[in-house]
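Trainee: Just one file: structure-v6.pdb, with PDB, C-alpha atoms.
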```pdb
MODEL        1
ATOM      1  CA  MET V   1      79.356 117.803 109.461
ATOM      2  CA  THR V   2      80.259 116.902 113.002
ATOM      3  CA  GLU V   3      83.670 115.416 113.711
ATOM      4  CA  LYS V   4      82.278 111.958 114.524
ATOM      5  CA  PHE V   5      81.240 111.469 110.874
ATOM      6  CA  ASP V   6      84.484 112.888 109.519
ATOM      7  CA  ALA V   7      86.458 110.350 107.473
ATOM      8  CA  VAL V   8      89.752 111.684 108.842
ATOM      9  CA  SER V   9      88.652 110.988 112.424
ATOM     10  CA  LEU V  10      87.400 107.538 111.444
ATOM     11  CA  VAL V  11      90.716 106.605 109.797
ATOM     12  CA  GLU V  12      92.508 107.916 112.872
ATOM     13  CA  LYS V  13      90.413 105.498 114.994
ATOM     14  CA  GLY V  14      91.020 102.648 112.572
ATOM     15  CA  GLN V  15      94.135 101.000 111.261
ATOM     16  CA  VAL V  16      96.241 101.158 108.133
ATOM     17  CA  LEU V  17      97.337  97.765 106.840
ATOM     18  CA  TYR V  18     100.094  97.436 104.244
ATOM     19  CA  SER V  19     100.816  94.768 101.636
ATOM     20  CA  VAL V  20      97.595  92.892 102.359
ATOM     21  CA  GLU V  21      97.899  89.642 100.451
ATOM     22  CA  GLY V  22      95.271  87.913  98.357
ATOM     23  CA  ASP V  23      94.502  87.122  94.754
ATOM     24  CA  THR V  24      90.733  87.348  95.321
ATOM     25  CA  ILE V  25      88.618  89.688  97.398
ATOM     26  CA  GLU V  26      87.739  86.738  99.648
ATOM     27  CA  GLU V  27      91.430  86.069 100.350
ATOM     28  CA  VAL V  28      92.031  89.776 100.995
ATOM     29  CA  PHE V  29      89.124  89.986 103.462
ATOM     30  CA  LYS V  30      90.368  86.865 105.277
ATOM     31  CA  ASN V  31      93.849  88.375 105.569
ATOM     32  CA  VAL V  32      92.425  91.660 106.828
ATOM     33  CA  ALA V  33      90.431  89.668 109.395
ATOM     34  CA  LYS V  34      93.636  88.142 110.748
ATOM     35  CA  ASN V  35      95.301  91.519 111.266
ATOM     36  CA  VAL V  36      92.598  93.964 112.250
ATOM     37  CA  GLU V  37      91.804  95.159 115.762
ATOM     38  CA  LEU V  38      88.096  95.057 116.549
ATOM     39  CA  PRO V  39      85.839  95.402 119.593
ATOM     40  CA  GLU V  40      85.473  92.087 121.450
ATOM     41  CA  TYR V  41      81.898  91.554 120.234
ATOM     42  CA  ILE V  42      82.953  91.118 116.596
ATOM     43  CA  THR V  43      85.574  88.705 115.337
ATOM     44  CA  GLY V  44      87.705  89.150 112.277
ATOM     45  CA  GLU V  45      86.065  86.109 110.729
ATOM     46  CA  MET V  46      82.613  87.640 111.231
ATOM     47  CA  LEU V  47      83.812  90.859 109.634
ATOM     48  CA  ALA V  48      85.313  89.044 106.620
ATOM     49  CA  GLU V  49      82.049  87.178 106.090
ATOM     50  CA  GLU V  50      79.964  90.365 106.350
ATOM     51  CA  LEU V  51      82.211  92.198 103.874
ATOM     52  CA  LEU V  52      82.147  89.315 101.409
ATOM     53  CA  ASN V  53      78.354  88.976 101.630
ATOM     54  CA  ARG V  54      77.991  92.673 100.761
ATOM     55  CA  GLU V  55      80.543  92.435  97.937
ATOM     56  CA  LYS V  56      78.568  89.577  96.353
ATOM     57  CA  ILE V  57      75.577  91.907  95.941
ATOM     58  CA  LEU V  58      77.431  94.683  94.128
ATOM     59  CA  SER V  59      81.057  95.733  93.888
ATOM     60  CA  THR V  60      82.181  98.406  96.331
ATOM     61  CA  ALA V  61      84.873  99.616  93.904
ATOM     62  CA  VAL V  62      84.372 103.325  93.235
ATOM     63  CA  GLY V  63      87.145 103.976  90.723
ATOM     64  CA  LYS V  64      90.635 105.484  90.804
ATOM     65  CA  GLY V  65      91.966 102.217  92.256
ATOM     66  CA  VAL V  66      89.794 102.480  95.378
ATOM     67  CA  ALA V  67      87.016 100.392  96.908
ATOM     68  CA  ILE V  68      84.950 101.091 100.015
ATOM     69  CA  PRO V  69      83.938  97.685 101.395
ATOM     70  CA  HIS V  70      81.358  97.661 104.173
ATOM     71  CA  PRO V  71      78.885  95.224 105.719
ATOM     72  CA  LYS V  72      75.269  95.183 104.459
ATOM     73  CA  ALA V  73      74.080  96.139 107.935
ATOM     74  CA  PRO V  74      75.872  98.059 110.695
ATOM     75  CA  VAL V  75      78.109  95.829 112.842
ATOM     76  CA  MET V  76      79.363  98.287 115.445
ATOM     77  CA  LYS V  77      77.398  98.774 118.647
ATOM     78  CA  SER V  78      78.291 102.401 119.314
ATOM     79  CA  GLU V  79      79.571 105.490 117.534
ATOM     80  CA  ASP V  80      82.770 105.218 119.562
ATOM     81  CA  ASP V  81      83.525 101.898 117.826
ATOM     82  CA  CYS V  82      82.978 103.232 114.285
ATOM     83  CA  ARG V  83      86.091 103.391 112.133
ATOM     84  CA  ILE V  84      87.644 103.159 108.708
ATOM     85  CA  ILE V  85      90.336 100.556 108.101
ATOM     86  CA  VAL V  86      92.616 101.449 105.201
ATOM     87  CA  CYS V  87      94.254  98.561 103.364
ATOM     88  CA  PHE V  88      96.954  98.809 100.735
ATOM     89  CA  LEU V  89      96.938  95.614  98.702
ATOM     90  CA  ARG V  90     100.062  93.724  97.670
ATOM     91  CA  ASN V  91      98.367  92.760  94.370
ATOM     92  CA  THR V  92      95.715  94.803  92.617
ATOM     93  CA  LEU V  93      92.269  93.252  92.167
ATOM     94  CA  ASP V  94      89.694  93.475  89.420
ATOM     95  CA  MET V  95      86.612  94.467  91.405
ATOM     96  CA  LYS V  96      84.587  95.660  88.396
ATOM     97  CA  ALA V  97      85.162  99.345  89.115
ATOM     98  CA  PRO V  98      83.143 101.859  87.083
ATOM     99  CA  ASP V  99      86.377 103.130  85.468
ATOM    100  CA  SER V 100      87.663  99.539  84.949
ATOM    101  CA  ARG V 101      90.792 100.271  87.013
ATOM    102  CA  ARG V 102      92.106  97.547  89.273
ATOM    103  CA  VAL V 103      91.763  98.218  93.006
ATOM    104  CA  SER V 104      94.871  98.780  95.101
ATOM    105  CA  SER V 105      93.397 100.537  98.156
ATOM    106  CA  LEU V 106      90.458  99.647 100.389
ATOM    107  CA  PHE V 107      88.700 101.950 102.827
ATOM    108  CA  ILE V 108      86.670  99.531 104.967
ATOM    109  CA  LEU V 109      83.850 101.509 106.579
ATOM    110  CA  LEU V 110      82.445 100.120 109.821
ATOM    111  CA  SER V 111      79.502 101.943 111.367
ATOM    112  CA  ASN V 112      76.761 101.526 113.933
ATOM    113  CA  SER V 113      73.792 102.889 111.959
ATOM    114  CA  THR V 114      72.676 103.593 108.422
ATOM    115  CA  GLN V 115      72.652 107.340 109.123
ATOM    116  CA  PHE V 116      76.222 107.255 110.438
ATOM    117  CA  HIS V 117      77.289 105.161 107.430
ATOM    118  CA  ILE V 118      75.813 107.596 104.908
ATOM    119  CA  LYS V 119      77.357 110.657 106.547
ATOM    120  CA  ALA V 120      80.776 109.001 106.881
ATOM    121  CA  LEU V 121      80.581 107.784 103.278
ATOM    122  CA  SER V 122      79.800 111.326 102.142
ATOM    123  CA  SER V 123      82.870 112.642 103.977
ATOM    124  CA  LEU V 124      85.054 109.934 102.450
ATOM    125  CA  ALA V 125      83.626 110.508  98.947
ATOM    126  CA  LYS V 126      84.569 114.184  99.120
ATOM    127  CA  ILE V 127      88.186 113.232  99.859
ATOM    128  CA  LEU V 128      88.297 110.539  97.158
ATOM    129  CA  LYS V 129      87.153 113.034  94.500
ATOM    130  CA  ASP V 130      90.525 114.765  94.819
ATOM    131  CA  ASP V 131      92.877 113.365  92.170
ATOM    132  CA  SER V 132      96.005 114.408  94.063
ATOM    133  CA  PHE V 133      94.823 112.378  97.051
ATOM    134  CA  THR V 134      94.034 109.236  95.065
ATOM    135  CA  LYS V 135      97.366 109.509  93.227
ATOM    136  CA  ALA V 136      99.153 109.773  96.600
ATOM    137  CA  LEU V 137      97.571 106.468  97.645
ATOM    138  CA  ALA V 138      99.877 104.716  95.161
ATOM    139  CA  LEU V 139     102.785 105.716  97.438
ATOM    140  CA  LYS V 140     101.162 103.820 100.331
ATOM    141  CA  PRO V 141     101.655 106.662 102.809
ATOM    142  CA  SER V 142     102.186 106.123 106.532
ATOM    143  CA  LYS V 143      99.115 106.573 108.690
ATOM    144  CA  ASP V 144     100.286 110.030 109.784
ATOM    145  CA  ASN V 145     100.912 111.103 106.175
ATOM    146  CA  LEU V 146      97.588 109.621 105.077
ATOM    147  CA  LEU V 147      95.746 111.594 107.766
ATOM    148  CA  GLU V 148      97.602 114.757 106.762
ATOM    149  CA  LEU V 149      96.713 114.239 103.096
ATOM    150  CA  MET V 150      93.075 113.590 103.986
ATOM    151  CA  SER V 151      92.902 116.706 106.176
ATOM    152  CA  LYS V 152      94.207 118.879 103.344
ATOM    153  CA  VAL V 153      91.452 117.828 100.941
ATOM    154  CA  SER V 154      88.528 117.418 103.356
TER     155      SER V 154
ENDMDL
END
```
Just dump the structure as structure tokens.
Mentor:
Amino acid sequence: MTEKFDAVSLVEKGQVLYSVEGDTIEEVFKNVAKNVELPEYITGEMLAEELLNREKILSTAVGKGVAIPHPKAPVMKSEDDCRIIVCFLRNTLDMKAPDSRRVSSLFILLSNSTQFHIKALSSLAKILKDDSFTKALALKPSKDNLLELMSKVS
């Protein structure tokens, strides 16, 4: 897998947001939209709407307290703009995860093509399979520590 699809590189290009407030996924997405840095061609409000529209189709919760929200269609114009935004929630959410656990961490995947999305998702899925990594998410690690943890299990 080339580095551009690597989840570690995508988190490094993205942001890590802490104590994201919201009692519903819609409120969480709106609060992310207010605090996220994006290319000038996409606004936070557009992103929140795209994420919510996708979430209405089927939950992006994958289990272990994690969800991987993403737009239905790619929103980034180039591979250089692709990223993963990690959000640690102030309050857990019931997002109908397969293991019925409430979600406390979001990995928002933003890509420029379906192929890029699938390859990046595969890289992220490999990391999320590691129980020690998902347990460490409960500690809400700093971005540097998160990247280090991800590198160890990728």
Trainee: Show me as JSON, numbers by chain the residues that reach within 12 Å of (96.5, 114.4, 108.1), counting all atoms listed in the file and using the file's own coordinates.
Mentor: {"V": [7, 8, 9, 10, 11, 12, 127, 133, 141, 142, 143, 144, 145, 146, 147, 148, 149, 150, 151, 152, 153, 154]}
Trainee: Keeping only C-alpha atoms, write those residues as a PDB file, keeping the file's coordinate frame.
Mentor:
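Everything below was put into part37.pdb:
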```
ATOM      1  CA  ALA V   7      86.458 110.350 107.473  1.00  0.00           C
ATOM      2  CA  VAL V   8      89.752 111.684 108.842  1.00  0.00           C
ATOM      3  CA  SER V   9      88.652 110.988 112.424  1.00  0.00           C
ATOM      4  CA  LEU V  10      87.400 107.538 111.444  1.00  0.00           C
ATOM      5  CA  VAL V  11      90.716 106.605 109.797  1.00  0.00           C
ATOM      6  CA  GLU V  12      92.508 107.916 112.872  1.00  0.00           C
ATOM      7  CA  ILE V 127      88.186 113.232  99.859  1.00  0.00           C
ATOM      8  CA  PHE V 133      94.823 112.378  97.051  1.00  0.00           C
ATOM      9  CA  PRO V 141     101.655 106.662 102.809  1.00  0.00           C
ATOM     10  CA  SER V 142     102.186 106.123 106.532  1.00  0.00           C
ATOM     11  CA  LYS V 143      99.115 106.573 108.690  1.00  0.00           C
ATOM     12  CA  ASP V 144     100.286 110.030 109.784  1.00  0.00           C
ATOM     13  CA  ASN V 145     100.912 111.103 106.175  1.00  0.00           C
ATOM     14  CA  LEU V 146      97.588 109.621 105.077  1.00  0.00           C
ATOM     15  CA  LEU V 147      95.746 111.594 107.766  1.00  0.00           C
ATOM     16  CA  GLU V 148      97.602 114.757 106.762  1.00  0.00           C
ATOM     17  CA  LEU V 149      96.713 114.239 103.096  1.00  0.00           C
ATOM     18  CA  MET V 150      93.075 113.590 103.986  1.00  0.00           C
ATOM     19  CA  SER V 151      92.902 116.706 106.176  1.00  0.00           C
ATOM     20  CA  LYS V 152      94.207 118.879 103.344  1.00  0.00           C
ATOM     21  CA  VAL V 153      91.452 117.828 100.941  1.00  0.00           C
ATOM     22  CA  SER V 154      88.528 117.418 103.356  1.00  0.00           C
TER      23      SER V 154
END
```
Trainee: Counting all atoms listed in the file, figure out which residue out of V:Ala125, V:Leu58, V:Met76, V:Ile68 gets nearest to Met46 (chain V).
Mentor: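 Of V:Ala125, V:Leu58, V:Met76, V:Ile68, the one nearest Met46 (chain V) is V:Met76, counting all atoms listed in the file.
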Trainee: Which residue, V:Gly65, V:Asp80, V:Val86, V:Arg102, has the smallest gap to Val20 (chain V) when you use only C-alpha atoms?
Mentor: V:Val86
Trainee: For region 103-110 of chain V, find every residue with an atom within 6 Å (counting all atoms listed in the file), except residues of its own chain fewer than 2 positions away, and show them as a ChimeraX atom specification.
Mentor: /V:65-70,82-89,92-93
Trainee: Write the residues you've just listed into a file as a PDB file, keeping the file's coordinate frame, and include C-alpha atoms for each of them.
Mentor:
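Output below, filename selection_3.pdb:
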```pdb
ATOM      1  CA  GLY V  65      91.966 102.217  92.256  1.00  0.00           C
ATOM      2  CA  VAL V  66      89.794 102.480  95.378  1.00  0.00           C
ATOM      3  CA  ALA V  67      87.016 100.392  96.908  1.00  0.00           C
ATOM      4  CA  ILE V  68      84.950 101.091 100.015  1.00  0.00           C
ATOM      5  CA  PRO V  69      83.938  97.685 101.395  1.00  0.00           C
ATOM      6  CA  HIS V  70      81.358  97.661 104.173  1.00  0.00           C
ATOM      7  CA  CYS V  82      82.978 103.232 114.285  1.00  0.00           C
ATOM      8  CA  ARG V  83      86.091 103.391 112.133  1.00  0.00           C
ATOM      9  CA  ILE V  84      87.644 103.159 108.708  1.00  0.00           C
ATOM     10  CA  ILE V  85      90.336 100.556 108.101  1.00  0.00           C
ATOM     11  CA  VAL V  86      92.616 101.449 105.201  1.00  0.00           C
ATOM     12  CA  CYS V  87      94.254  98.561 103.364  1.00  0.00           C
ATOM     13  CA  PHE V  88      96.954  98.809 100.735  1.00  0.00           C
ATOM     14  CA  LEU V  89      96.938  95.614  98.702  1.00  0.00           C
ATOM     15  CA  THR V  92      95.715  94.803  92.617  1.00  0.00           C
ATOM     16  CA  LEU V  93      92.269  93.252  92.167  1.00  0.00           C
TER      17      LEU V  93
END
```
Trainee: Leaving out region 122-124 of chain V and any residue of its chain fewer than 2 positions from it, which residues lie within 8 Å of it when counting only C-alpha atoms, given as a ChimeraX atom specification?
Mentor: /V:5-7,118-120,126-128,154
Trainee: Taking 2 positions as the minimum chain separation for residues in the same chain, which residues sit within 9 Å of Gly22 (chain V) when counting all atoms listed in the file? Answer as number ranges by chain.
Mentor: V: 20, 24-31, 89-93
Trainee: Apply the PyMOL selection byres ((chain V and resi 42) around 12) to the displayed file and report the matching residues as a list in words.
Mentor: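 Those residues are Ala33, Val36, Glu37, Leu38, Pro39, Glu40, Tyr41, Thr43, Gly44, Glu45, Met46, Leu47, Ala48, Glu49, Glu50, Pro74, Val75, Met76, Lys77, Asp81 and Leu110 of chain V.
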Trainee: Can you measure CA of Ala61 (chain V) to CA of Ala97 (chain V) for me? One decimal in Å is fine.
Mentor: 4.8 Å
Trainee: How many Å lie between CA of Leu137 (chain V) and CA of Leu17 (chain V), rounded to one decimal?
Mentor: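 CA of Leu17 (chain V) lies 12.7 Å from CA of Leu137 (chain V).
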Trainee: What does the distance between CA of Lys129 (chain V) and CA of Ser19 (chain V) come to in Å, to one decimal place?
Mentor: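 Answer for the CA of Lys129 (chain V) to CA of Ser19 (chain V) separation: 23.9 Å.
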Trainee: So that all listed atoms of region 35-40 of chain V fit with 3 Å spare on each side, what axis-aligned box centre and edge lengths in Å, to one decimal, would you give as lines of an AutoDock Vina configuration file?
Mentor:
```
center_x = 90.4
center_y = 93.5
center_z = 116.4
size_x = 15.8
size_y = 9.9
size_z = 16.2
```
Trainee: Given all atoms listed in the file as the basis, pick out the residue of V:Gly63, V:Pro98, V:Pro71, V:Gly14 nearest to Thr134 (chain V).
Mentor: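 Ranking V:Gly63, V:Pro98, V:Pro71, V:Gly14 by distance to Thr134 (chain V), first place goes to V:Gly63.
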Trainee: Which one of V:Asn112, V:Ser132, V:Asn53, V:Ser59 sits closest to Ser100 (chain V) if you count all atoms listed in the file?
Mentor: V:Ser59
Trainee: Pick the closest to Leu139 (chain V) from V:Glu55, V:Tyr18, V:Glu79, V:Asp94: which is it, counting all atoms listed in the file?
Mentor: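 Of V:Glu55, V:Tyr18, V:Glu79, V:Asp94, the one nearest Leu139 (chain V) is V:Tyr18, counting all atoms listed in the file.
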